[in-house]
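J.: Pasting run_3.txt below, which is compact mmCIF, C-alpha atoms.
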```txt
# COMPACT_ATOMS: atom_id res chain seq x y z
CA MET R 95 0.00 0.00 0.00
CA SER R 96 1.36 3.39 -0.99
CA HIS R 97 1.58 6.22 1.51
CA ILE R 98 3.36 8.70 -0.73
CA LYS R 99 1.57 12.04 -0.73
CA ILE R 100 1.78 14.56 -3.53
CA LYS R 101 3.69 16.90 -1.25
CA ASP R 102 6.31 14.15 -0.77
CA ILE R 103 6.99 14.11 -4.52
CA PRO R 104 9.87 16.40 -5.58
CA ASN R 105 8.50 19.80 -6.50
CA ASP R 106 9.67 19.57 -10.13
CA ASP R 107 7.75 16.31 -10.61
CA ARG R 108 4.40 17.36 -9.14
CA PRO R 109 1.66 17.60 -11.79
CA TYR R 110 0.43 21.06 -10.82
CA GLU R 111 3.90 22.57 -10.74
CA ARG R 112 4.82 20.86 -14.02
CA CYS R 113 1.69 22.28 -15.61
CA LEU R 114 2.63 25.80 -14.53
CA ARG R 115 6.18 25.35 -15.73
CA GLU R 116 5.73 23.37 -18.96
CA GLY R 117 2.07 23.78 -19.85
CA PRO R 118 -0.79 21.22 -19.77
CA GLU R 119 0.31 19.65 -23.05
CA ALA R 120 3.40 18.28 -21.30
CA LEU R 121 1.37 16.27 -18.78
CA SER R 122 0.26 12.68 -19.10
CA ASP R 123 -3.44 11.75 -18.95
CA ALA R 124 -3.00 10.64 -15.33
CA GLU R 125 -1.28 13.90 -14.38
CA LEU R 126 -4.02 15.99 -15.96
CA LEU R 127 -6.71 14.02 -14.13
CA SER R 128 -4.82 14.25 -10.85
CA ILE R 129 -5.03 18.05 -11.03
CA ILE R 130 -8.81 17.78 -11.47
CA ILE R 131 -9.09 15.27 -8.61
CA ARG R 132 -6.85 17.50 -6.45
CA THR R 133 -6.74 15.45 -3.25
CA GLY R 134 -6.11 11.79 -2.63
CA SER R 135 -7.24 9.29 -0.03
CA ARG R 136 -5.45 7.59 2.85
CA GLU R 137 -4.26 4.85 0.55
CA ASP R 138 -3.59 6.74 -2.69
CA ASN R 139 -2.50 10.21 -3.68
CA SER R 140 -4.36 12.06 -6.45
CA LEU R 141 -1.99 10.81 -9.15
CA GLU R 142 -2.53 7.19 -8.10
CA LEU R 143 -6.31 7.71 -8.01
CA ALA R 144 -6.15 9.16 -11.52
CA SER R 145 -4.22 6.11 -12.72
CA LYS R 146 -6.90 3.83 -11.25
CA VAL R 147 -9.63 5.79 -13.05
CA LEU R 148 -7.78 5.37 -16.34
CA ALA R 149 -7.41 1.64 -15.68
CA LEU R 150 -11.17 1.13 -15.54
CA ASN R 151 -12.52 -0.40 -18.75
CA TYR R 152 -16.29 0.02 -18.89
CA PRO R 153 -16.02 -0.66 -21.84
CA LYS R 154 -12.96 1.35 -22.89
CA GLU R 155 -9.76 1.76 -20.92
CA GLY R 156 -7.85 5.02 -20.69
CA ILE R 157 -8.94 8.59 -21.22
CA LEU R 158 -11.81 7.54 -23.51
CA GLY R 159 -13.29 5.73 -20.53
CA LEU R 160 -14.45 9.08 -19.17
CA LEU R 161 -16.97 9.17 -22.00
CA HIS R 162 -18.44 5.82 -20.91
CA LEU R 163 -18.14 5.60 -17.14
CA SER R 164 -21.09 6.19 -14.85
CA LEU R 165 -20.93 7.67 -11.35
CA PRO R 166 -21.41 4.27 -9.64
CA GLU R 167 -18.57 2.81 -11.72
CA LEU R 168 -16.24 5.67 -10.80
CA MET R 169 -17.17 5.26 -7.15
CA THR R 170 -15.97 1.66 -7.13
CA ILE R 171 -12.52 3.21 -6.68
CA LYS R 172 -11.84 3.86 -3.04
CA GLY R 173 -11.17 7.57 -2.74
CA ILE R 174 -13.52 8.59 -5.56
CA GLY R 175 -16.74 9.82 -3.99
CA LYS R 176 -19.71 11.67 -5.40
CA VAL R 177 -17.88 14.98 -5.69
CA LYS R 178 -14.79 13.69 -7.47
CA GLY R 179 -16.87 11.31 -9.57
CA THR R 180 -19.19 14.11 -10.68
CA GLN R 181 -16.21 16.29 -11.56
CA LEU R 182 -14.82 13.53 -13.76
CA LEU R 183 -18.18 12.99 -15.47
CA CYS R 184 -18.32 16.71 -16.21
CA ILE R 185 -14.84 16.57 -17.77
CA GLY R 186 -16.07 13.84 -20.13
CA GLU R 187 -19.21 15.80 -21.03
CA LEU R 188 -17.21 18.99 -21.61
CA SER R 189 -14.90 17.16 -24.00
CA ARG R 190 -17.91 15.88 -25.97
CA ARG R 191 -19.38 19.37 -26.23
CA ILE R 192 -16.08 20.97 -27.20
CA TRP R 193 -15.58 18.50 -30.05
CA LYS R 194 -19.18 18.90 -31.21
CA ARG R 195 -18.96 22.69 -31.15
CA ARG R 196 -15.67 22.58 -33.02
CA ALA R 197 -17.17 20.34 -35.67
CA MET R 198 -20.19 22.63 -35.97
CA GLU R 199 -18.02 25.73 -36.39
CA GLU R 200 -15.85 24.04 -38.99
CA THR R 201 -18.85 22.76 -40.95
CA LEU R 202 -21.45 25.49 -40.70
CA VAL R 203 -23.01 24.37 -43.96
CA PHE R 204 -23.90 20.71 -44.16
CA GLN R 205 -23.32 20.13 -47.85
CA ASN R 206 -21.73 16.69 -47.80
CA PRO R 207 -21.72 13.48 -45.72
CA GLU R 208 -18.32 14.34 -44.21
CA SER R 209 -19.65 17.53 -42.65
CA VAL R 210 -22.61 15.71 -41.12
CA ALA R 211 -20.41 12.91 -39.78
CA ALA R 212 -17.96 15.43 -38.29
CA TYR R 213 -20.81 17.10 -36.40
CA TYR R 214 -21.93 13.86 -34.74
CA GLN R 215 -18.83 11.67 -34.71
CA GLU R 216 -17.22 12.46 -31.37
CA ASP R 217 -20.50 12.33 -29.49
CA MET R 218 -22.26 9.37 -31.07
CA ARG R 219 -19.37 6.97 -31.56
CA HIS R 220 -19.13 6.48 -27.78
CA LYS R 221 -22.79 5.62 -27.22
CA THR R 222 -23.64 2.12 -26.04
CA GLN R 223 -27.17 2.35 -27.45
CA GLU R 224 -28.40 3.28 -30.89
CA GLN R 225 -29.63 6.84 -31.18
CA PHE R 226 -31.64 8.14 -34.10
CA HIS R 227 -31.38 11.83 -35.01
CA VAL R 228 -33.27 13.82 -37.61
CA MET R 229 -31.56 16.92 -39.02
CA MET R 230 -34.04 19.40 -40.47
CA PHE R 231 -33.04 22.17 -42.87
CA ASN R 232 -34.55 25.28 -44.39
CA SER R 233 -34.39 26.22 -48.08
CA LYS R 234 -30.79 27.49 -47.67
CA GLN R 235 -29.67 24.18 -46.17
CA VAL R 236 -29.24 25.80 -42.77
CA LEU R 237 -29.88 23.46 -39.85
CA ILE R 238 -33.02 24.57 -38.06
CA ARG R 239 -33.51 21.56 -35.81
CA ASP R 240 -31.60 18.51 -34.63
CA THR R 241 -34.02 16.13 -32.94
CA LEU R 242 -33.04 13.01 -31.01
CA LEU R 243 -36.02 10.94 -32.03
CA SER R 244 -35.29 7.69 -30.25
CA LYS R 245 -32.89 5.69 -28.15
CA GLY R 246 -32.86 2.00 -28.91
CA THR R 247 -31.13 -1.14 -27.79
CA VAL R 248 -27.60 -2.11 -28.77
CA ASN R 249 -28.97 -3.66 -31.97
CA ALA R 250 -31.96 -1.59 -33.02
CA SER R 251 -33.29 1.94 -32.87
CA LEU R 252 -37.02 2.53 -32.72
CA ALA R 253 -37.72 5.31 -35.20
CA ALA R 254 -41.14 5.38 -36.88
CA PRO R 255 -41.56 7.26 -40.17
CA ARG R 256 -44.74 8.85 -38.82
CA GLU R 257 -42.88 10.42 -35.87
CA ILE R 258 -40.16 11.73 -38.17
CA LEU R 259 -42.63 13.39 -40.52
CA ILE R 260 -44.54 14.95 -37.65
CA GLU R 261 -41.29 16.52 -36.43
CA ALA R 262 -40.40 17.76 -39.91
CA LEU R 263 -43.82 19.37 -40.39
CA ARG R 264 -43.76 20.90 -36.93
CA TYR R 265 -40.54 22.80 -37.67
CA GLN R 266 -41.42 23.53 -41.30
CA ALA R 267 -38.41 21.66 -42.63
CA VAL R 268 -37.65 21.75 -46.34
CA THR R 269 -35.27 18.79 -46.36
CA MET R 270 -34.05 16.15 -43.89
CA ILE R 271 -30.98 14.07 -43.17
CA LEU R 272 -31.22 10.99 -40.97
CA VAL R 273 -28.38 10.07 -38.62
CA HIS R 274 -27.91 7.14 -36.29
CA ASN R 275 -25.02 5.28 -34.70
CA HIS R 276 -23.94 1.66 -34.52
CA PRO R 277 -22.58 0.93 -31.01
CA SER R 278 -20.56 -1.96 -32.44
CA GLY R 279 -18.38 0.61 -34.19
CA ASP R 280 -19.12 -0.89 -37.62
CA PRO R 281 -21.17 1.60 -39.69
CA GLU R 282 -22.19 -0.88 -42.38
CA PRO R 283 -25.96 -0.54 -42.93
CA SER R 284 -28.18 -3.44 -42.02
CA LYS R 285 -31.17 -4.61 -44.05
CA GLU R 286 -33.39 -2.94 -41.45
CA ASP R 287 -31.48 0.35 -41.85
CA ILE R 288 -31.98 0.27 -45.63
CA LEU R 289 -35.66 -0.67 -45.37
CA LEU R 290 -36.40 2.05 -42.79
CA THR R 291 -34.60 4.64 -44.91
CA LYS R 292 -36.64 3.76 -47.99
CA ARG R 293 -39.88 3.96 -46.00
CA ILE R 294 -39.01 7.39 -44.60
CA LYS R 295 -37.83 8.61 -48.01
CA GLU R 296 -41.08 7.56 -49.68
CA ALA R 297 -43.15 9.20 -46.95
CA GLY R 298 -41.06 12.37 -47.12
CA GLU R 299 -41.50 12.64 -50.87
CA TRP R 300 -45.24 12.24 -50.47
CA ILE R 301 -45.47 15.32 -48.22
CA GLY R 302 -42.76 17.28 -50.03
CA ILE R 303 -39.90 16.99 -47.53
CA PRO R 304 -37.21 14.87 -49.20
CA VAL R 305 -34.65 12.85 -47.27
CA LEU R 306 -31.25 13.85 -48.64
CA ASP R 307 -29.18 11.17 -46.91
CA HIS R 308 -28.91 8.73 -44.05
CA ILE R 309 -25.57 8.78 -42.25
CA ILE R 310 -24.56 5.86 -40.03
CA ILE R 311 -21.88 6.67 -37.47
CA GLY R 312 -19.32 4.07 -36.40
CA ASP R 313 -16.09 4.32 -34.42
CA ASN R 314 -14.11 6.97 -36.32
CA SER R 315 -15.94 5.94 -39.48
CA PHE R 316 -19.27 6.49 -41.20
CA VAL R 317 -21.37 5.35 -44.14
CA SER R 318 -23.55 7.54 -46.35
CA LEU R 319 -26.47 5.60 -47.80
CA LYS R 320 -26.66 8.20 -50.57
CA GLU R 321 -23.05 7.57 -51.58
CA ARG R 322 -23.76 3.85 -51.54
CA GLY R 323 -26.67 4.38 -53.94
CA LEU R 324 -29.15 3.15 -51.34
CA ILE R 325 -31.22 6.32 -51.19
```
Can you turn what I pasted into structure tokens?

T.:
Amino acid sequence: MSHIKIKDIPNDDRPYERCLREGPEALSDAELLSIIIRTGSREDNSLELASKVLALNYPKEGILGLLHLSLPELMTIKGIGKVKGTQLLCIGELSRRIWKRRAMEETLVFQNPESVAAYYQEDMRHKTQEQFHVMMFNSKQVLIRDTLLSKGTVNASLAAPREILIEALRYQAVTMILVHNHPSGDPEPSKEDILLTKRIKEAGEWIGIPVLDHIIIGDNSFVSLKERGLI
């Protein structure tokens, strides 16, 4: 059992002092987290607690784990209580929002599948359930609404064409793009994905709101059903 406290570490090697001296980019993931955690427990200092957080693999180990871990999972580590656990969850959520905002600012006009995928990629690729989004646009192809229509199981998302069209009419959309994720990380469309897309496309054409594309998000990858000739 370790009894080394942060104050017992040589000043030049302490994470906070190193950050001031060399900048945050010089710190390891564990050192960065230790600064957020601030204080340790009787058994572990903040750096050791940070290392234990990074060792959790629910389901991904390392810094990406912060995008997956729940508060109860974080609290399985002795020394991580509600306060520290909540702080760590907020760090994960902040990172998601920063990446999403960056993608949005870099792709203000959604004119191609890459721009749509960039907007959703960092957020949706970490989800453990399927989520089905509907992007609604005006006549200038400006996004007027991004609706999370459903959350499904690991294998299927429950999105009914009727619900999608009701949303599109409610916000006076001119066109739509469908987006959902595959928690497996493989964005290849299933038969159900293709069938659902065709049903929504036919219904959209009937009321004058065409579906431009259906983007499936995987782990750092995506598939455009339009590019595949499936829509």

J.: Hey, can you check how far CA of Met218 in chain R sits from CA of Arg256 in chain R?

T.: 23.8 Å

J.: Of the residues R:Leu183, R:Leu263, R:Ile310, R:Leu121, which is the one nearest to Ser284 in chain R, using all atoms listed in the file?

T.: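 Checking each of R:Leu183, R:Leu263, R:Ile310, R:Leu121 against Ser284 in chain R, counting all atoms listed in the file, the winner is R:Ile310.
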
J.: Please identify every residue of range 150-192 of chain R that has at least one atom no farther than 10 Å from an atom of range 134-144 of chain R, counting only C-alpha atoms, and for each give the shortest atom pair and the distance in Å to one decimal, arranged by chain then increasing number, as a tab-separated table.

T.:
```
residue	atom	partner	partner_atom	distance
R:Ile171	CA	R:Leu143	CA	7.8
R:Lys172	CA	R:Ser135	CA	7.7
R:Gly173	CA	R:Ser135	CA	5.1
R:Ile174	CA	R:Leu143	CA	7.7
R:Leu182	CA	R:Ala144	CA	10.0
```

J.: Just how far from CA of Asp287 in chain R is CA of Lys245 in chain R, in Å to one decimal?

T.: 14.8 Å

J.: With only C-alpha atoms as the atoms that count, which of R:Leu165, R:Leu150, R:Ala212, R:Val268 lies nearest to Met229 in chain R?

T.: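 When distances to Met229 in chain R are compared using only C-alpha atoms, the smallest one comes from R:Val268.
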
J.: Please compute the CA of Lys221 in chain R-CA of Arg239 in chain R distance, one decimal, in Å.

T.: 21.0 Å

J.: Need to verify the contact set: Leu163 in chain R, 12 Å, only C-alpha atoms, exclusion of same-chain residues closer than 5 positions in sequence. Can you return it as a list in words?

T.: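 The contact residues come out as Val147, Leu148, Ala149, Leu150, Asn151, Tyr152, Pro153, Lys154, Glu155, Gly156, Ile157, Leu158, Leu168, Met169, Thr170, Gly179, Thr180, Leu182, Leu183, Cys184, Ile185, Gly186, Glu187, His220, Lys221 and Thr222 of chain R.
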
J.: Near Glu111 in chain R, counting only C-alpha atoms, which residues have an atom at most 12 Å away, once you skip same-chain residues fewer than 2 positions from it, shown as a ChimeraX atom specification?

T.: /R:100-101,103-109,113-118,120-121,125-126,129

J.: Using all atoms listed in the file for the distances, tell me which of R:Lys178, R:His162, R:Lys285, R:Lys295 is nearest to Leu272 in chain R.

T.: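 Result for the nearest residue to Leu272 in chain R: R:Lys295.
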
J.: Could you put an axis-aligned box around every listed atom of range 106-119 of chain R, padded by 3 Å on each side, and send me its centre and edge lengths in Å to one decimal, as JSON?

T.:
```
{"center_x": 4.4, "center_y": 21.1, "center_z": -16.1, "size_x": 16.5, "size_y": 15.5, "size_z": 19.9}
```

J.: Find the residues around Thr241 in chain R up to 10 Å (all atoms listed in the file counted), leave out those fewer than 5 positions away in its own chain, and share them as a ChimeraX atom specification.

T.: /R:226-230,258,261-262,272

J.: Using only C-alpha atoms, give me every residue within 8 Å of (-36.4, 11.2, -45.7) in file coordinates, as a VMD selection string.

T.: chain R and resid 269 to 272 291 to 292 294 to 299 303 to 307

J.: Arg322 in chain R: which residues within 12 Å, counting all atoms listed in the file, same-chain residues fewer than 2 positions away excluded, as a ChimeraX atom specification?

T.: /R:207,282-283,288,307-310,316-320,324-325
